[in-house]
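Notes follow the structure.
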Amino acid sequence: MKKTLLTIFTFITLSSQAQTIDKYFESIRNNNVELTAFFSLMPKGGDLHNHYSGSVYAETYISYVVDQDYAINENTLEVKTSAPQGATGWYKFSQLNAMGQLPAYKQKLMQKWSVKDYNGVSYPSDKQFFETFSGFGIANNSMERLEVGLMELKERAVKENVSYIETMFTGIPCDNIASVDTNFNHLLEQAQANHDEASTVKLLEKLYKQIEDKNVAACAATFNKDLAAMHKKLKMDDATFTMRYQNYVTRVVPPVSIFKALVASFMSANTSPLVVGVNIVAPEDNETSMRDYWLHMQMFRFCHNKFPNVKYAMHAGELTLGLVKPEQLTWHINEAVRTAGANRIGHGVDVAYERNSYDLLKHMAKTKTAIEINLYSNEFILKVKEDHHPFTLYKEFNVPIVICTDDAGVLRSNLTHQYVLLASRYKNVSYEDIKRYVFNSIDYSFIKEDAVKEKLKAQITERFKVFEKDVLTTHLNIAY
């Protein structure tokens, strides 16, 4: 009897404390500084939509090219290991330093390799964003540089009370499949033009056999081995933090190229405990992306049938009215969810324009297809925010929601910033909603080991207890 009374008392006490925390949260909702302090301290679980290269801050890339004394073009700001022979307008960073111009060029690179100081006038925001990646690629092209970047992500996450990152890391190099028959490009494009699923599957089966014969499995195995060695060397997993990886393919290349990469990615994810999923990246409004979108969904479904245990998230619906023709806003998320069978959707901004959007949202809720919400990314790239953003639709239909950063380095942002935007913009989001989104980031992660998931959730539960105690005692003078 005493135990029962104690349990009831404990439940009532914890419920009262939660209500008190919620009242405090409501009192600061319109104060961004207070919200920032609140969310900086709050445990935030995981970041599931995280592009590795775009999450490293530009300062890191710039320091590297300066230290290596690479060359930069004074007009285009292109950086190379050395100046092209006979070319003019190129300077080594040591030369710029001797002329007293190095600080100015570092600032120019910061503006070129991120959205820092972007004024919204001189250049389209989506172009500014996506073109950063080709710029800083030269500072991120070796195992040593990957290690530096991963450690930066981990250290920043720990300081920000983020327990887990599931990062879109890199593609899988594989010279073995370079000679696969490119005549399939034309055949696949013909099948796509007719939306001929039967012919597409037959072509992909023949192409898959060629890729298999080139021993792509060996490439996947080598990649997994090297990744595991790096992960262990860096001690990425510890008592406070866990890292997992997604392979990705690029949607702006010819059909054979993307399918080769996709097969290698699925093979890798099928056999590695660290590689937990596959994704597809690059601008969705690109001409090739738009033309081949249907075909890409067929490829994902094909690979899923070959590797049914591999999970995958997909960038889908990262579009808005004016960016593409209206009719092109009506089907991408449906295809990703219903045809390709994605486990999570990244962005999903155009869901309100989808055919039978209510049925789609109900389907996502029923199948527990989570939506990765990237508020600041959508605001910067697509100019979609506040009640123009579909967050409220996803919430209304009980689609599982996770809050993510996308490319924190390029966007000069972090996960705390995303929660501040969420709380300040959407007044119907309660503190309990936010806690649910935090736990969703673990529940809907692709982590393969149940024990790791349960450990992370238990840690986050304990962190919330400490956090809430701090809020109660510091701000409300309540004994905890």
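Chain lettering (A, B, ...) mirrors the order of the structure tokens, residue numbering begins at 1 for each chain separately, and ligand numbering begins at 1 in order of display.
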task: For segment 128-145 of chain A, list every protein, DNA or RNA residue within 7 Å, evaluated using only C-alpha atoms, and leave out those in the same chain fewer than 6 positions away; present the list as JSON, numbers by chain.
output: {"A": [61, 64, 65, 78, 112, 113, 114, 115, 381]}
For the selection you just gave me, I'd like the residues written to a file as an mmCIF file, in the first residue's frame, keeping N, CA and C atoms.
```cif
data_model
loop_
_atom_site.group_PDB
_atom_site.id
_atom_site.type_symbol
_atom_site.label_atom_id
_atom_site.label_comp_id
_atom_site.auth_asym_id
_atom_site.auth_seq_id
_atom_site.Cartn_x
_atom_site.Cartn_y
_atom_site.Cartn_z
ATOM 1 N N TYR A 61 37.489 24.929 -43.160
ATOM 2 C CA TYR A 61 37.973 24.731 -44.523
ATOM 3 C C TYR A 61 38.976 25.813 -44.920
ATOM 4 N N TYR A 64 42.450 25.386 -43.462
ATOM 5 C CA TYR A 64 43.210 24.323 -44.119
ATOM 6 C C TYR A 64 43.860 24.810 -45.408
ATOM 7 N N VAL A 65 43.091 25.456 -46.288
ATOM 8 C CA VAL A 65 43.673 25.872 -47.572
ATOM 9 C C VAL A 65 44.740 26.958 -47.369
ATOM 10 N N GLU A 78 37.974 30.895 -56.787
ATOM 11 C CA GLU A 78 38.227 29.467 -56.890
ATOM 12 C C GLU A 78 39.566 29.158 -56.235
ATOM 13 N N LYS A 112 31.737 33.188 -49.598
ATOM 14 C CA LYS A 112 31.585 32.306 -50.756
ATOM 15 C C LYS A 112 31.221 30.879 -50.326
ATOM 16 N N TRP A 113 31.785 30.439 -49.215
ATOM 17 C CA TRP A 113 31.627 29.057 -48.772
ATOM 18 C C TRP A 113 30.563 28.884 -47.694
ATOM 19 N N SER A 114 29.796 29.935 -47.433
ATOM 20 C CA SER A 114 28.679 29.854 -46.503
ATOM 21 C C SER A 114 27.708 30.978 -46.858
ATOM 22 N N VAL A 115 26.689 31.157 -46.027
ATOM 23 C CA VAL A 115 25.716 32.226 -46.301
ATOM 24 C C VAL A 115 26.016 33.462 -45.462
ATOM 25 N N ILE A 381 16.774 28.801 -48.311
ATOM 26 C CA ILE A 381 16.850 28.307 -49.690
ATOM 27 C C ILE A 381 15.558 28.580 -50.458
#
```
Exercise for the section: Just list the residues in segment 89-312 of chain A DSSP gives strand (DSSP E) on the backbone, as a PyMOL selection string. Expected result: chain A and resi 90-92+164-170+242-250+275-281+311-312
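With only C-alpha atoms as the atoms that count, the minimum distance from Lys232 of chain A to the choices A:Asp67, A:Asp196, A:Glu147, A:Glu166 is reached by A:Glu147.
Nearest to His304 of chain A of all the residues A:Ala261, A:Met267, A:Val148, A:Thr222 is A:Met267, based on only C-alpha atoms.
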Which residues are close to Lys235 of chain A, i.e. within 12 Å by only C-alpha atoms, leaving aside same-chain residues fewer than 4 positions away? Reply as a ChimeraX atom specification. /A:147,150-151,154-155,228-231,239-243
Could you please take those selected residues and save C-alpha atoms as a PDB file, in the first residue's frame?
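The new file part_10.pdb reads:
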```
ATOM      1  CA  GLU A 147      38.539  12.967 -39.539  1.00  0.00           C
ATOM      2  CA  LEU A 150      33.846  14.506 -37.916  1.00  0.00           C
ATOM      3  CA  MET A 151      35.567  15.563 -34.719  1.00  0.00           C
ATOM      4  CA  LYS A 154      31.061  15.662 -32.456  1.00  0.00           C
ATOM      5  CA  GLU A 155      32.634  18.326 -30.262  1.00  0.00           C
ATOM      6  CA  ALA A 228      34.870   1.387 -39.015  1.00  0.00           C
ATOM      7  CA  ALA A 229      38.596   1.925 -38.478  1.00  0.00           C
ATOM      8  CA  MET A 230      38.188   5.712 -38.579  1.00  0.00           C
ATOM      9  CA  HIS A 231      35.143   5.609 -36.310  1.00  0.00           C
ATOM     10  CA  ALA A 239      29.285   7.897 -22.873  1.00  0.00           C
ATOM     11  CA  THR A 240      27.887  11.207 -24.117  1.00  0.00           C
ATOM     12  CA  PHE A 241      27.610  10.859 -27.884  1.00  0.00           C
ATOM     13  CA  THR A 242      26.876   8.436 -30.740  1.00  0.00           C
ATOM     14  CA  MET A 243      27.488   8.847 -34.478  1.00  0.00           C
TER      15      MET A 243
END
```
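Atom CA of Lys457 of chain A lies 20.3 Å from atom CA of Phe38 of chain A.
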Item checked: Contacts of Trp90 of chain A within 7 Å, only C-alpha atoms, excl. fewer than 4 positions in-chain, as a ChimeraX atom specification -> /A:71-74,83
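The nearest approach to Arg344 of chain A among the residues A:Leu393, A:Leu382, A:Val399, A:Leu472, with only C-alpha atoms taken into account, belongs to A:Val399.
Each of A:Ser268, A:Asn286, A:Ser27, A:Ser441 was compared to Phe307 of chain A using only C-alpha atoms, and A:Ser268 turns out to be the nearest.
Across the model, the gap from atom CA of Leu319 of chain A to atom CA of Tyr353 of chain A is 10.0 Å.
Every protein, DNA or RNA residue with an atom at most 9 Å from Met110 of chain A, where only C-alpha atoms count and chain neighbours fewer than 4 positions away do not, is listed here: A:Ala58, A:Glu59, A:Ile62, A:Tyr105, A:Lys106, A:Ser114, A:Val115, A:Lys116, A:Asp117.
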Grab the residues selected above and save them as a PDB file, in the first residue's frame with N, CA and C atoms.
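Okay, this is what ended up in selection_38.pdb:
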```pdb
ATOM      1  N   ALA A  58      32.809  27.006 -42.338  1.00  0.00           N
ATOM      2  CA  ALA A  58      33.737  27.468 -43.372  1.00  0.00           C
ATOM      3  C   ALA A  58      35.107  27.817 -42.804  1.00  0.00           C
ATOM      4  N   GLU A  59      35.145  28.304 -41.542  1.00  0.00           N
ATOM      5  CA  GLU A  59      36.432  28.645 -40.937  1.00  0.00           C
ATOM      6  C   GLU A  59      37.403  27.465 -40.955  1.00  0.00           C
ATOM      7  N   ILE A  62      38.695  27.042 -44.543  1.00  0.00           N
ATOM      8  CA  ILE A  62      39.578  28.154 -44.913  1.00  0.00           C
ATOM      9  C   ILE A  62      40.936  28.019 -44.234  1.00  0.00           C
ATOM     10  N   TYR A 105      40.670  38.337 -48.043  1.00  0.00           N
ATOM     11  CA  TYR A 105      40.318  37.174 -48.856  1.00  0.00           C
ATOM     12  C   TYR A 105      39.705  36.067 -48.011  1.00  0.00           C
ATOM     13  N   LYS A 106      40.126  35.950 -46.784  1.00  0.00           N
ATOM     14  CA  LYS A 106      39.494  34.971 -45.896  1.00  0.00           C
ATOM     15  C   LYS A 106      38.024  35.339 -45.676  1.00  0.00           C
ATOM     16  N   SER A 114      29.796  29.935 -47.433  1.00  0.00           N
ATOM     17  CA  SER A 114      28.679  29.854 -46.503  1.00  0.00           C
ATOM     18  C   SER A 114      27.708  30.978 -46.858  1.00  0.00           C
ATOM     19  N   VAL A 115      26.689  31.157 -46.027  1.00  0.00           N
ATOM     20  CA  VAL A 115      25.716  32.226 -46.301  1.00  0.00           C
ATOM     21  C   VAL A 115      26.016  33.462 -45.462  1.00  0.00           C
ATOM     22  N   LYS A 116      27.203  33.532 -44.891  1.00  0.00           N
ATOM     23  CA  LYS A 116      27.551  34.677 -44.055  1.00  0.00           C
ATOM     24  C   LYS A 116      27.426  35.984 -44.837  1.00  0.00           C
ATOM     25  N   ASP A 117      26.759  36.948 -44.243  1.00  0.00           N
ATOM     26  CA  ASP A 117      26.581  38.294 -44.795  1.00  0.00           C
ATOM     27  C   ASP A 117      25.726  38.316 -46.062  1.00  0.00           C
TER      28      ASP A 117
END
```
Counting only C-alpha atoms, the residue among A:Lys108, A:Arg244, A:His363, A:Lys127 that lies closest to Thr167 of chain A is A:Arg244
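The spacing separating atom CA of Val216 of chain A from atom CA of Gly149 of chain A amounts to 27.2 Å.
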Out of segment 221-368 of chain A, which residues get helix (DSSP H, G or I) from DSSP, as a count of residues only? 75
Contact residues around Lys385 of chain A with only C-alpha atoms at 10 Å, ignoring same-chain residues under 6 positions, as number ranges by chain: A: 349, 375-379, 391, 421, 425
Those same residues - N, CA and C atoms - I'd like them written as a PDB file, in the first residue's frame.
```pdb
ATOM      1  N   VAL A 349       8.500  20.123 -48.192  1.00  0.00           N
ATOM      2  CA  VAL A 349       7.948  21.476 -48.109  1.00  0.00           C
ATOM      3  C   VAL A 349       6.692  21.653 -48.971  1.00  0.00           C
ATOM      4  N   LEU A 375      13.816  23.995 -40.551  1.00  0.00           N
ATOM      5  CA  LEU A 375      13.156  25.298 -40.635  1.00  0.00           C
ATOM      6  C   LEU A 375      14.027  26.384 -41.248  1.00  0.00           C
ATOM      7  N   TYR A 376      15.256  26.536 -40.763  1.00  0.00           N
ATOM      8  CA  TYR A 376      16.062  27.639 -41.284  1.00  0.00           C
ATOM      9  C   TYR A 376      16.525  27.372 -42.701  1.00  0.00           C
ATOM     10  N   SER A 377      16.836  26.130 -43.018  1.00  0.00           N
ATOM     11  CA  SER A 377      17.213  25.762 -44.379  1.00  0.00           C
ATOM     12  C   SER A 377      16.093  26.108 -45.354  1.00  0.00           C
ATOM     13  N   ASN A 378      14.861  25.749 -44.997  1.00  0.00           N
ATOM     14  CA  ASN A 378      13.725  26.043 -45.875  1.00  0.00           C
ATOM     15  C   ASN A 378      13.489  27.537 -46.016  1.00  0.00           C
ATOM     16  N   GLU A 379      13.751  28.267 -44.942  1.00  0.00           N
ATOM     17  CA  GLU A 379      13.609  29.722 -45.002  1.00  0.00           C
ATOM     18  C   GLU A 379      14.664  30.335 -45.930  1.00  0.00           C
ATOM     19  N   PHE A 391       4.828  22.729 -41.577  1.00  0.00           N
ATOM     20  CA  PHE A 391       4.975  22.109 -40.256  1.00  0.00           C
ATOM     21  C   PHE A 391       3.622  21.861 -39.598  1.00  0.00           C
ATOM     22  N   LEU A 421      13.324  28.762 -33.503  1.00  0.00           N
ATOM     23  CA  LEU A 421      12.395  29.092 -34.581  1.00  0.00           C
ATOM     24  C   LEU A 421      11.067  28.363 -34.401  1.00  0.00           C
ATOM     25  N   ARG A 425       7.675  30.570 -33.642  1.00  0.00           N
ATOM     26  CA  ARG A 425       6.784  30.695 -34.788  1.00  0.00           C
ATOM     27  C   ARG A 425       5.460  29.955 -34.619  1.00  0.00           C
TER      28      ARG A 425
END
```
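Nearest residue to Gly120 of chain A among A:Tyr293, A:Phe380, A:Asp69, A:Asn32 is A:Phe380, counting only C-alpha atoms.
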With the cut-off set at 7 Å and counting only C-alpha atoms, tabulate each residue of segment 353-470 of chain A with an atom at most that distance from an atom of segment 50-57 of chain A, showing the nearest atom pair and its distance in Å to one decimal, ordered by chain and increasing number, as CSV.
```
residue,atom,partner,partner_atom,distance
A:Thr405,CA,A:Asn50,CA,6.2
A:Asp406,CA,A:Asn50,CA,4.8
A:Asp407,CA,A:Gly54,CA,4.6
A:Ala408,CA,A:Ser55,CA,4.6
A:Gly409,CA,A:Tyr57,CA,4.0
A:Val410,CA,A:Gly54,CA,5.4
```
Find the spatial neighbours of Pro283 of chain A, counting only C-alpha atoms, within a cut-off of 10 Å - ignore same-chain residues fewer than 4 positions away - and output them as number ranges by chain. A: 126-127, 130, 250-252, 287-290, 315, 318-319
